[in-house]
file query12.cif (mmCIF, C-alpha atoms)
data_model
#
loop_
_atom_site.label_atom_id
_atom_site.label_comp_id
_atom_site.auth_asym_id
_atom_site.auth_seq_id
_atom_site.Cartn_x
_atom_site.Cartn_y
_atom_site.Cartn_z
CA MET A 1 50.27 109.46 95.44
CA SER A 2 49.24 106.93 92.79
CA LEU A 3 51.31 106.14 89.72
CA LEU A 4 48.85 108.05 87.56
CA ASP A 5 49.49 111.21 89.55
CA LEU A 6 53.18 111.14 88.70
CA PRO A 7 54.63 113.43 86.03
CA SER A 8 54.81 111.76 82.62
CA GLU A 9 58.61 111.55 82.73
CA ILE A 10 58.55 109.70 86.06
CA LEU A 11 55.74 107.38 84.93
CA LEU A 12 57.72 106.56 81.79
CA TRP A 13 60.80 105.77 83.88
CA VAL A 14 58.77 103.45 86.16
CA LEU A 15 57.28 101.56 83.21
CA GLU A 16 60.68 101.28 81.54
CA CYS A 17 61.92 99.58 84.71
CA LEU A 18 59.07 97.07 84.41
CA GLY A 19 59.95 96.47 80.76
CA ALA A 20 57.99 95.05 77.85
CA SER A 21 57.87 91.57 79.41
CA PHE A 22 55.61 92.94 82.16
CA PHE A 23 52.97 93.73 79.54
CA ARG A 24 53.58 90.60 77.45
CA ASP A 25 52.76 88.48 80.51
CA ASP A 26 49.32 90.11 80.68
CA ILE A 27 48.27 92.30 77.76
CA GLY A 28 45.47 93.71 79.91
CA ARG A 29 48.08 95.67 81.83
CA LEU A 30 48.23 98.06 78.90
CA THR A 31 44.65 99.24 79.33
CA VAL A 32 44.51 100.72 82.84
CA CYS A 33 43.37 104.07 81.47
CA LYS A 34 43.97 106.37 78.52
CA ARG A 35 46.92 108.20 80.08
CA TRP A 36 48.53 104.94 81.22
CA TYR A 37 48.13 103.42 77.75
CA GLY A 38 49.62 106.50 76.13
CA VAL A 39 52.89 105.75 77.94
CA ALA A 40 52.72 101.96 78.30
CA HIS A 41 52.21 101.07 74.64
CA HIS A 42 55.53 102.71 73.74
CA ILE A 43 57.25 100.46 76.31
CA PHE A 44 55.41 97.41 74.97
CA TYR A 45 56.40 98.09 71.37
CA ALA A 46 60.00 98.89 72.27
CA ASP A 47 60.79 95.18 72.79
CA ILE A 48 58.91 92.74 70.55
CA GLU A 49 59.17 88.95 70.29
CA LEU A 50 57.82 87.33 67.12
CA GLN A 51 57.35 83.79 65.86
CA ALA A 52 55.99 82.74 62.48
CA GLY A 53 52.41 82.58 63.75
CA THR A 54 52.40 85.96 65.48
CA LEU A 55 54.12 87.54 62.48
CA SER A 56 51.38 86.29 60.15
CA LYS A 57 48.65 87.55 62.50
CA LEU A 58 50.38 90.91 62.76
CA PHE A 59 50.25 91.54 59.02
CA ALA A 60 46.70 90.23 58.70
CA HIS A 61 45.36 92.44 61.53
CA PRO A 62 43.27 95.51 60.60
CA SER A 63 45.25 97.67 63.04
CA LEU A 64 48.47 97.15 61.07
CA PRO A 65 48.84 100.84 60.03
CA THR A 66 48.81 101.92 63.68
CA ARG A 67 51.22 99.20 64.69
CA ALA A 68 53.49 100.01 61.76
CA HIS A 69 53.81 103.56 63.10
CA LEU A 70 54.85 102.15 66.48
CA PHE A 71 57.41 99.83 64.85
CA LYS A 72 58.93 102.82 63.10
CA HIS A 73 59.24 104.99 66.18
CA SER A 74 59.29 102.71 69.26
CA LEU A 75 60.88 99.35 68.38
CA LYS A 76 64.38 99.13 69.86
CA ILE A 77 64.71 95.38 70.52
CA LEU A 78 63.40 92.75 68.09
CA THR A 79 63.54 89.00 68.74
CA VAL A 80 62.51 86.68 65.89
CA GLU A 81 62.42 82.90 66.38
CA LEU A 82 61.47 80.62 63.50
CA ARG A 83 61.13 76.84 63.42
CA GLY A 84 60.14 76.36 59.82
CA PHE A 85 56.69 75.22 58.79
CA MET A 86 54.74 73.97 61.82
CA ASP A 87 51.08 73.80 60.78
CA TRP A 88 51.09 70.04 60.35
CA ASN A 89 47.58 69.65 61.80
CA ARG A 90 46.16 71.52 58.83
CA VAL A 91 48.15 69.27 56.51
CA CYS A 92 46.54 66.24 58.14
CA ILE A 93 43.06 67.75 57.86
CA GLN A 94 43.57 68.36 54.14
CA ASP A 95 44.94 64.82 53.78
CA LEU A 96 48.06 65.92 51.92
CA ASP A 97 50.80 63.39 51.23
CA ASP A 98 54.51 63.62 50.45
CA GLY A 99 53.80 64.23 46.78
CA ASN A 100 51.57 67.31 47.01
CA ILE A 101 52.67 68.92 50.27
CA GLN A 102 55.57 70.86 48.69
CA PRO A 103 53.49 73.65 47.06
CA TYR A 104 51.68 74.15 50.37
CA ILE A 105 54.95 74.53 52.28
CA ASP A 106 56.48 76.70 49.55
CA SER A 107 53.55 79.09 49.89
CA TRP A 108 54.21 79.36 53.63
CA THR A 109 57.91 80.01 52.94
CA SER A 110 57.11 82.84 50.54
CA SER A 111 54.62 84.36 52.97
CA ILE A 112 56.89 84.33 56.03
CA ASN A 113 59.79 85.87 54.10
CA ASN A 114 57.55 88.55 52.59
CA ASN A 115 56.23 89.46 56.04
CA LEU A 116 59.74 89.69 57.45
CA SER A 117 60.78 91.93 54.58
CA LYS A 118 57.79 94.21 55.22
CA LEU A 119 58.73 94.38 58.89
CA ALA A 120 62.30 95.30 57.99
CA ALA A 121 60.99 98.06 55.72
CA TYR A 122 58.99 99.57 58.60
CA ILE A 123 62.02 99.41 60.87
CA HIS A 124 64.21 101.08 58.25
CA GLU A 125 61.91 104.09 58.22
CA GLY A 126 62.18 104.57 61.98
CA LYS A 127 65.93 104.01 62.40
CA VAL A 128 65.57 103.29 66.14
CA LEU A 129 66.14 99.50 66.30
CA ARG A 130 69.25 98.78 68.36
CA THR A 131 69.12 95.03 69.06
CA LEU A 132 68.24 92.23 66.63
CA ARG A 133 68.06 88.62 67.82
CA PHE A 134 67.19 86.37 64.90
CA THR A 135 67.03 82.58 65.23
CA ALA A 136 66.00 80.05 62.57
CA TRP A 137 65.89 76.44 63.82
CA SER A 138 65.68 73.38 61.60
CA GLU A 139 62.23 72.51 60.38
CA PHE A 140 60.94 69.35 62.10
CA THR A 141 58.41 67.20 60.24
CA PRO A 142 56.95 64.61 62.65
CA ILE A 143 54.23 63.53 60.22
CA PHE A 144 56.52 63.19 57.18
CA PRO A 145 59.83 61.93 58.59
CA THR A 146 61.04 60.94 55.11
CA LEU A 147 61.09 64.54 53.90
CA PRO A 148 64.66 65.87 53.66
CA ARG A 149 65.82 68.83 55.72
CA ARG A 150 64.46 71.95 54.06
CA ASP A 151 65.83 75.48 53.81
CA TYR A 152 63.26 78.24 54.21
CA LEU A 153 65.07 81.56 54.79
CA TYR A 154 65.66 83.94 51.88
CA PHE A 155 68.99 85.74 51.64
CA ASP A 156 67.19 89.02 50.93
CA THR A 157 65.18 88.65 54.13
CA ILE A 158 68.31 88.67 56.26
CA PHE A 159 70.03 91.31 54.13
CA ASN A 160 67.11 93.69 54.72
CA PHE A 161 67.82 93.55 58.46
CA LEU A 162 71.61 93.67 58.14
CA SER A 163 71.45 96.97 56.26
CA LEU A 164 70.12 98.80 59.35
CA ASP A 165 72.45 101.64 60.31
CA SER A 166 71.04 101.80 63.84
CA LEU A 167 72.00 98.26 64.96
CA THR A 168 74.39 97.95 67.91
CA VAL A 169 73.64 94.34 68.92
CA LEU A 170 73.35 91.52 66.36
CA GLU A 171 72.63 87.93 67.37
CA LEU A 172 72.15 85.89 64.20
CA ASP A 173 71.61 82.14 64.56
CA THR A 174 70.42 80.49 61.36
CA CYS A 175 71.60 76.97 62.15
CA GLY A 176 68.37 75.54 60.71
CA SER A 177 68.46 76.98 57.20
CA HIS A 178 70.86 77.90 54.45
CA PHE A 179 70.00 81.17 52.77
CA ILE A 180 67.88 80.74 49.65
CA HIS A 181 69.15 82.99 46.86
CA TYR A 182 65.73 83.60 45.37
CA GLY A 183 65.90 84.48 41.67
CA VAL A 184 69.69 84.11 41.54
CA SER A 185 71.49 81.19 39.91
CA GLN A 186 73.65 78.96 42.08
CA SER A 187 76.79 80.10 40.24
CA GLN A 188 75.99 83.76 40.94
CA SER A 189 74.88 83.37 44.54
CA GLY A 190 78.27 82.57 46.01
CA ARG A 191 80.07 85.40 44.23
CA GLN A 192 77.53 88.20 44.44
CA ARG A 193 75.47 87.51 47.54
CA HIS A 194 77.88 86.77 50.36
CA ILE A 195 76.34 87.30 53.80
CA CYS A 196 79.67 87.56 55.64
CA GLN A 197 80.71 90.78 53.92
CA HIS A 198 77.46 92.40 55.04
CA ILE A 199 78.05 91.28 58.62
CA ALA A 200 81.60 92.65 58.48
CA ALA A 201 80.26 96.01 57.31
CA LEU A 202 78.41 96.31 60.64
CA LEU A 203 81.48 95.76 62.84
CA PRO A 204 82.37 99.46 63.23
CA GLN A 205 78.92 100.21 64.70
CA LEU A 206 78.28 97.04 66.74
CA HIS A 207 78.77 96.61 70.48
CA CYS A 208 77.94 92.88 70.49
CA LEU A 209 78.02 90.19 67.78
CA ARG A 210 76.92 86.56 68.06
CA LEU A 211 76.89 84.32 65.01
CA ARG A 212 75.95 80.77 64.07
CA LEU A 213 75.46 80.16 60.37
CA ARG A 214 75.36 77.03 58.25
CA GLU A 215 78.00 78.66 56.04
CA ILE A 216 80.55 81.15 57.34
CA CYS A 217 84.08 82.35 56.64
CA PRO A 218 86.64 84.65 58.30
CA LEU A 219 85.40 87.61 56.26
CA ALA A 220 82.53 87.96 58.75
CA LEU A 221 85.06 89.06 61.39
CA GLN A 222 87.14 91.28 59.11
CA PRO A 223 86.22 94.94 59.64
CA GLN A 224 86.09 97.17 56.59
CA GLY A 225 88.64 99.62 57.92
CA GLU A 226 90.76 99.48 61.06
CA ASP A 227 88.43 100.74 63.79
CA THR A 228 85.77 98.89 65.77
CA PRO A 229 85.46 101.48 68.55
CA TYR A 230 82.36 100.08 70.26
CA LEU A 231 82.77 96.33 69.84
CA LYS A 232 83.12 94.51 73.18
CA SER A 233 81.66 91.03 72.67
CA VAL A 234 82.14 88.61 69.75
CA ILE A 235 81.04 84.97 69.83
CA VAL A 236 80.99 82.64 66.82
CA ASN A 237 79.56 79.14 67.16
CA LEU A 238 80.59 76.63 64.48
CA SER A 239 78.51 73.80 65.95
CA LEU A 240 75.13 73.02 64.40
CA SER A 241 74.01 71.11 67.48
CA ASN A 242 71.65 71.29 70.46
CA GLU A 243 68.59 72.26 68.49
CA PRO A 244 65.32 72.12 70.48
CA SER A 245 63.77 69.28 68.49
CA ASP A 246 64.15 65.55 67.97
CA ILE A 247 67.15 66.18 65.71
CA THR A 248 69.98 64.52 67.62
CA SER A 249 72.75 64.45 65.03
CA ALA A 250 75.27 67.27 64.91
CA SER A 251 77.34 68.82 62.17
CA TYR A 252 79.54 71.86 61.69
CA SER A 253 79.35 75.07 59.74
CA ARG A 254 80.90 74.94 56.28
CA ARG A 255 83.09 77.52 54.60
CA CYS A 256 81.11 79.93 52.42
CA GLY A 257 80.81 78.99 48.77
CA SER A 258 82.44 75.59 49.20
CA SER A 259 81.05 72.91 46.90
CA GLU A 260 83.36 70.33 48.44
CA ARG A 261 83.79 69.50 52.12
CA PRO A 262 87.11 70.95 53.26
CA GLY A 263 88.30 69.92 56.67
CA PHE A 264 86.50 71.55 59.55
CA LEU A 265 89.79 71.95 61.38
CA GLN A 266 91.00 74.42 58.75
CA LEU A 267 87.83 76.49 58.96
CA ARG A 268 87.99 76.48 62.74
CA SER A 269 91.64 77.52 62.69
CA ASP A 270 90.94 80.32 60.21
CA MET A 271 88.01 81.61 62.26
CA GLU A 272 90.06 81.55 65.46
CA ASP A 273 92.93 83.38 63.75
CA GLN A 274 90.60 86.06 62.40
CA ALA A 275 88.88 86.42 65.78
CA THR A 276 92.32 87.00 67.30
CA ARG A 277 93.09 89.68 64.73
CA LEU A 278 89.71 91.31 65.32
CA ALA A 279 90.33 91.39 69.08
CA GLY A 280 93.43 93.44 68.34
CA HIS A 281 91.22 96.11 66.77
CA MET A 282 88.78 96.22 69.70
CA SER A 283 89.34 99.07 72.14
CA TYR A 284 87.78 97.39 75.18
CA PRO A 285 87.19 93.67 74.45
CA VAL A 286 85.25 91.80 77.12
CA ILE A 287 84.66 88.44 75.46
CA VAL A 288 85.88 86.99 72.15
CA ARG A 289 85.44 83.26 71.56
CA VAL A 290 84.89 80.62 68.88
CA LEU A 291 82.80 77.58 69.82
CA PHE A 292 82.43 74.09 68.34
CA HIS A 293 81.42 70.64 69.59
CA PRO A 294 84.10 67.96 70.09
CA HIS A 295 83.46 64.74 68.17
CA ASN A 296 82.95 62.83 71.43
CA GLY A 297 80.94 65.56 73.16
CA CYS A 298 77.46 64.02 72.95
CA SER A 299 75.71 63.11 76.20
CA SER A 300 72.16 62.26 77.22
CA LEU A 301 71.57 65.99 77.77
CA GLY A 302 72.87 67.09 74.37
CA TRP A 303 76.16 68.19 72.87
CA LYS A 304 78.89 69.81 74.91
CA GLN A 305 80.54 72.91 73.47
CA GLN A 306 84.24 73.61 73.48
CA TYR A 307 85.59 77.09 72.85
CA LEU A 308 88.74 79.10 72.45
CA ASP A 309 88.86 82.17 74.68
CA VAL A 310 90.74 84.47 72.33
CA LEU A 311 91.61 86.97 75.07
CA THR A 312 93.35 84.36 77.25
CA GLY A 313 94.35 81.80 74.61
CA LYS A 314 92.80 79.01 76.72
CA ARG A 315 90.24 76.39 75.75
CA ALA A 316 87.27 75.45 77.91
CA MET A 317 84.21 73.19 77.83
CA LEU A 318 80.56 74.15 78.26
CA GLU A 319 78.00 71.59 79.34
CA PRO A 320 74.91 71.14 77.11
CA SER A 321 72.39 74.02 77.13
CA ILE A 322 74.79 76.41 78.88
CA PRO A 323 74.70 79.92 77.30
CA TRP A 324 77.52 80.63 74.90
CA ASP A 325 78.92 83.46 77.00
CA GLU A 326 79.11 81.53 80.29
CA ASP A 327 82.46 80.49 81.72
CA GLY A 328 83.28 76.85 81.07
CA GLU A 329 85.63 74.36 82.65
CA THR A 330 89.16 74.94 81.40
CA GLU A 331 90.48 72.03 79.36
CA PRO A 332 94.09 70.75 79.42
CA GLU A 333 96.12 71.38 76.28
CA ASP A 334 95.76 68.69 73.58
CA SER A 335 98.69 66.32 73.74
CA GLY A 336 98.67 65.31 70.09
CA GLU A 337 97.67 66.60 66.70
CA GLU A 338 94.02 66.37 65.77
CA SER A 339 93.20 64.69 62.50
CA ASP A 340 90.89 66.11 59.88
CA THR A 341 88.29 63.51 60.77
CA TYR A 342 87.63 65.68 63.82
CA GLY A 343 85.69 67.91 61.46
CA THR A 344 83.09 65.28 60.62
CA SER A 345 80.37 63.71 62.67
CA PRO A 346 77.16 61.78 62.15
CA GLY A 347 74.66 63.95 60.34
CA SER A 348 77.27 66.29 58.86
CA ASP A 349 75.75 68.87 56.59
CA SER A 350 75.68 68.28 52.87
#
call {"tool": "encode", "arguments": {"input": "query12.cif", "output": "structure tokens"}}
result
Amino acid sequence: MSLLDLPSEILLWVLECLGASFFRDDIGRLTVCKRWYGVAHHIFYADIELQAGTLSKLFAHPSLPTRAHLFKHSLKILTVELRGFMDWNRVCIQDLDDGNIQPYIDSWTSSINNNLSKLAAYIHEGKVLRTLRFTAWSEFTPIFPTLPRRDYLYFDTIFNFLSLDSLTVLELDTCGSHFIHYGVSQSQSGRQRHICQHIAALLPQLHCLRLRLREICPLALQPQGEDTPYLKSVIVNLSLSNEPSDITSASYSRRCGSSERPGFLQLRSDMEDQATRLAGHMSYPVIVRVLFHPHNGCSSLGWKQQYLDVLTGKRAMLEPSIPWDEDGETEPEDSGEESDTYGTSPGSDS
């Protein structure tokens, strides 16, 4: 018996075992025949990976209405990975210089955020998205190395995704960009548009939370209410290091709304304390940890990561590029008090 002779329920189960990656590796695998496609395209659209380029093509494609329907009703896992503006070849062709490149890049920024907001609107209508993995790396400008580091992610873009009632897994890593409070004054943005409170609002429905933000505070781990019945995994990384680019300096997350640079040690201590309190509200915690990089943790392979395992109270070290949830080598207890200079390093964020 061939696969096509199987009942639809069995064929669906077989293709679910293969997963969306099977079709991403070769898009032609979707088009075996009409009946096959009728089942396979739902598997393909259940788990989507998008970068800036593919996102732009998606919203420029004439088949968008059909795909929008699939996003509404099939998309369960969404992975978004941004690296800022990358079309530097076109900049060279147009012979733009430091002085007139900004409007060109600003146009890209507006476009990518608008497309993400449209995508979030489609997903809201379907209410089936369960897992969101969103990463925004620092923008790397090899042609214009004198340009300062640039933020490119709108607050509203992220908020549109964080207001999804269906989310059970949130992995939010925006180490490469502060949130731009578009249309809001700087004095208003800190008081009225605080991302951590929106993350905290999701805690009662989440199973897994992973965070790395340029600005963060303990409120992100403070559930609104006492119960987090499903939450099993919480990882917060305070180290803005190990980006996949030529950026070799490392800094730490800052406390939300801080115009001055308070000591990193205090922020780290507060985050660890709140993670400990949160663990006490978790029915079946599996992993709860807070990561950072030690000031002397740089090697030829990148920055090592140290973490507090909240459930055991022990500290351990991860080698560069090791996943945040892997077990590290347990470190001996510090013999002396750390000074506040531990919270600064070359390239610290401004």
call {"tool": "resolve_selection", "arguments": {"input": "query12.cif", "expression": "the PyMOL selection byres ((chain A and resi 268-275) around 7)", "output": "VMD selection string"}}
result
chain A and resid 217 to 218 221 264 to 267 276 to 279 290
call {"tool": "residues_around", "arguments": {"input": "query12.cif", "residues": "A:Glu81", "least_positions_apart": "5", "cutoff": "8 Å", "atoms": "only C-alpha atoms", "output": "number ranges by chain"}}
result
A: 49-52, 134-137
call {"tool": "atom_distance", "arguments": {"input": "query12.cif", "atom1": "atom CA of A:Leu18", "atom2": "atom CA of A:Lys72"}}
result
22.1 Å
call {"tool": "residues_around", "arguments": {"input": "query12.cif", "residues": "A:Pro7", "least_positions_apart": "6", "cutoff": "12 Å", "atoms": "only C-alpha atoms", "output": "MDAnalysis selection string"}}
result
chainID A and resid 1 13:14 35:36 39
call {"tool": "residues_near_point", "arguments": {"input": "query12.cif", "point": "(88.0, 77.6, 77.4)", "cutoff": "12 Å", "atoms": "only C-alpha atoms", "output": "ChimeraX atom specification"}}
result
/A:287-292,305-319,324-333
call {"tool": "closest_residue", "arguments": {"input": "query12.cif", "among": "A:Ile105, A:Phe59, A:Glu171, A:Pro142", "to": "A:Val80", "atoms": "all atoms listed in the file"}}
result
A:Glu171
call {"tool": "closest_residue", "arguments": {"input": "query12.cif", "among": "A:Arg193, A:Arg150, A:Arg254, A:Arg210", "to": "A:Leu132", "atoms": "only C-alpha atoms"}}
result
A:Arg210
call {"tool": "closest_residue", "arguments": {"input": "query12.cif", "among": "A:Ser138, A:Thr157, A:Ser21, A:Thr228", "to": "A:Asn114", "atoms": "only C-alpha atoms"}}
result
A:Thr157
call {"tool": "resolve_selection", "arguments": {"input": "query12.cif", "expression": "the PyMOL selection byres ((chain A and resi 172) around 12)", "output": "PyMOL selection string"}}
result
chain A and resi 78-82+131-137+158-159+161-162+169-171+173-177+195-196+199+208-214+216+220+234-237
call {"tool": "write_last_selection", "arguments": {"input": "query12.cif", "atoms": "C-alpha atoms", "output": "compact mmCIF listing (two decimals), in the frame of the given file"}}
result
# COMPACT_ATOMS: atom_id res chain seq x y z
CA LEU A 78 63.40 92.75 68.09
CA THR A 79 63.54 89.00 68.74
CA VAL A 80 62.51 86.68 65.89
CA GLU A 81 62.42 82.90 66.38
CA LEU A 82 61.47 80.62 63.50
CA THR A 131 69.12 95.03 69.06
CA LEU A 132 68.24 92.23 66.63
CA ARG A 133 68.06 88.62 67.82
CA PHE A 134 67.19 86.37 64.90
CA THR A 135 67.03 82.58 65.23
CA ALA A 136 66.00 80.05 62.57
CA TRP A 137 65.89 76.44 63.82
CA ILE A 158 68.31 88.67 56.26
CA PHE A 159 70.03 91.31 54.13
CA PHE A 161 67.82 93.55 58.46
CA LEU A 162 71.61 93.67 58.14
CA VAL A 169 73.64 94.34 68.92
CA LEU A 170 73.35 91.52 66.36
CA GLU A 171 72.63 87.93 67.37
CA ASP A 173 71.61 82.14 64.56
CA THR A 174 70.42 80.49 61.36
CA CYS A 175 71.60 76.97 62.15
CA GLY A 176 68.37 75.54 60.71
CA SER A 177 68.46 76.98 57.20
CA ILE A 195 76.34 87.30 53.80
CA CYS A 196 79.67 87.56 55.64
CA ILE A 199 78.05 91.28 58.62
CA CYS A 208 77.94 92.88 70.49
CA LEU A 209 78.02 90.19 67.78
CA ARG A 210 76.92 86.56 68.06
CA LEU A 211 76.89 84.32 65.01
CA ARG A 212 75.95 80.77 64.07
CA LEU A 213 75.46 80.16 60.37
CA ARG A 214 75.36 77.03 58.25
CA ILE A 216 80.55 81.15 57.34
CA ALA A 220 82.53 87.96 58.75
CA VAL A 234 82.14 88.61 69.75
CA ILE A 235 81.04 84.97 69.83
CA VAL A 236 80.99 82.64 66.82
CA ASN A 237 79.56 79.14 67.16
call {"tool": "axis_aligned_box", "arguments": {"input": "query12.cif", "around": "stretch 313-329 of chain A", "padding_each_side": "4 Å", "output": "JSON"}}
result
{"center_x": 83.4, "center_y": 77.3, "center_z": 78.6, "size_x": 30.0, "size_y": 20.3, "size_z": 16.0}
call {"tool": "residues_around", "arguments": {"input": "query12.cif", "residues": "A:Tyr230", "least_positions_apart": "2", "cutoff": "10 Å", "atoms": "all atoms listed in the file", "output": "PDB file with C-alpha atoms, in the frame of the given file"}}
result
ATOM      1  CA  THR A 168      74.390  97.950  67.910  1.00  0.00           C
ATOM      2  CA  LEU A 203      81.480  95.760  62.840  1.00  0.00           C
ATOM      3  CA  PRO A 204      82.370  99.460  63.230  1.00  0.00           C
ATOM      4  CA  GLN A 205      78.920 100.210  64.700  1.00  0.00           C
ATOM      5  CA  LEU A 206      78.280  97.040  66.740  1.00  0.00           C
ATOM      6  CA  HIS A 207      78.770  96.610  70.480  1.00  0.00           C
ATOM      7  CA  CYS A 208      77.940  92.880  70.490  1.00  0.00           C
ATOM      8  CA  ASP A 227      88.430 100.740  63.790  1.00  0.00           C
ATOM      9  CA  THR A 228      85.770  98.890  65.770  1.00  0.00           C
ATOM     10  CA  LYS A 232      83.120  94.510  73.180  1.00  0.00           C
ATOM     11  CA  SER A 233      81.660  91.030  72.670  1.00  0.00           C
ATOM     12  CA  MET A 282      88.780  96.220  69.700  1.00  0.00           C
ATOM     13  CA  SER A 283      89.340  99.070  72.140  1.00  0.00           C
ATOM     14  CA  TYR A 284      87.780  97.390  75.180  1.00  0.00           C
ATOM     15  CA  PRO A 285      87.190  93.670  74.450  1.00  0.00           C
TER      16      PRO A 285
END
call {"tool": "atom_distance", "arguments": {"input": "query12.cif", "atom1": "atom CA of A:Leu231", "atom2": "atom CA of A:Ser166"}}
result
14.3 Å
call {"tool": "closest_residue", "arguments": {"input": "query12.cif", "among": "A:Leu240, A:Leu6, A:Ile27, A:Leu153", "to": "A:Pro294", "atoms": "all atoms listed in the file"}}
result
A:Leu240
call {"tool": "atom_distance", "arguments": {"input": "query12.cif", "atom1": "atom CA of A:His178", "atom2": "atom CA of A:Ser253"}}
result
10.4 Å
call {"tool": "residues_around", "arguments": {"input": "query12.cif", "residues": "A:Val128", "least_positions_apart": "5", "cutoff": "12 Å", "atoms": "all atoms listed in the file", "output": "VMD selection string"}}
result
chain A and resid 45 to 47 70 to 78 120 122 to 123 164 to 168
call {"tool": "decode", "arguments": {"input": "query12.cif", "residues": "stretch 65-76 of chain A", "atoms": "C-alpha atoms", "output": "JSON list (two decimals), in the first residue's frame"}}
result
[["chain", "number", "residue", "atom", "x", "y", "z"],
["A", 65, "PRO", "CA", -4.63, 36.18, 0.50],
["A", 66, "THR", "CA", -4.35, 32.38, 0.28],
["A", 67, "ARG", "CA", -1.31, 32.30, 2.51],
["A", 68, "ALA", "CA", -2.97, 34.65, 4.99],
["A", 69, "HIS", "CA", -5.78, 32.11, 5.36],
["A", 70, "LEU", "CA", -3.20, 29.41, 6.13],
["A", 71, "PHE", "CA", -1.47, 31.65, 8.69],
["A", 72, "LYS", "CA", -4.80, 32.14, 10.44],
["A", 73, "HIS", "CA", -5.71, 28.48, 10.63],
["A", 74, "SER", "CA", -2.49, 26.42, 10.40],
["A", 75, "LEU", "CA", 0.43, 28.37, 11.91],
["A", 76, "LYS", "CA", 1.37, 26.91, 15.30]]
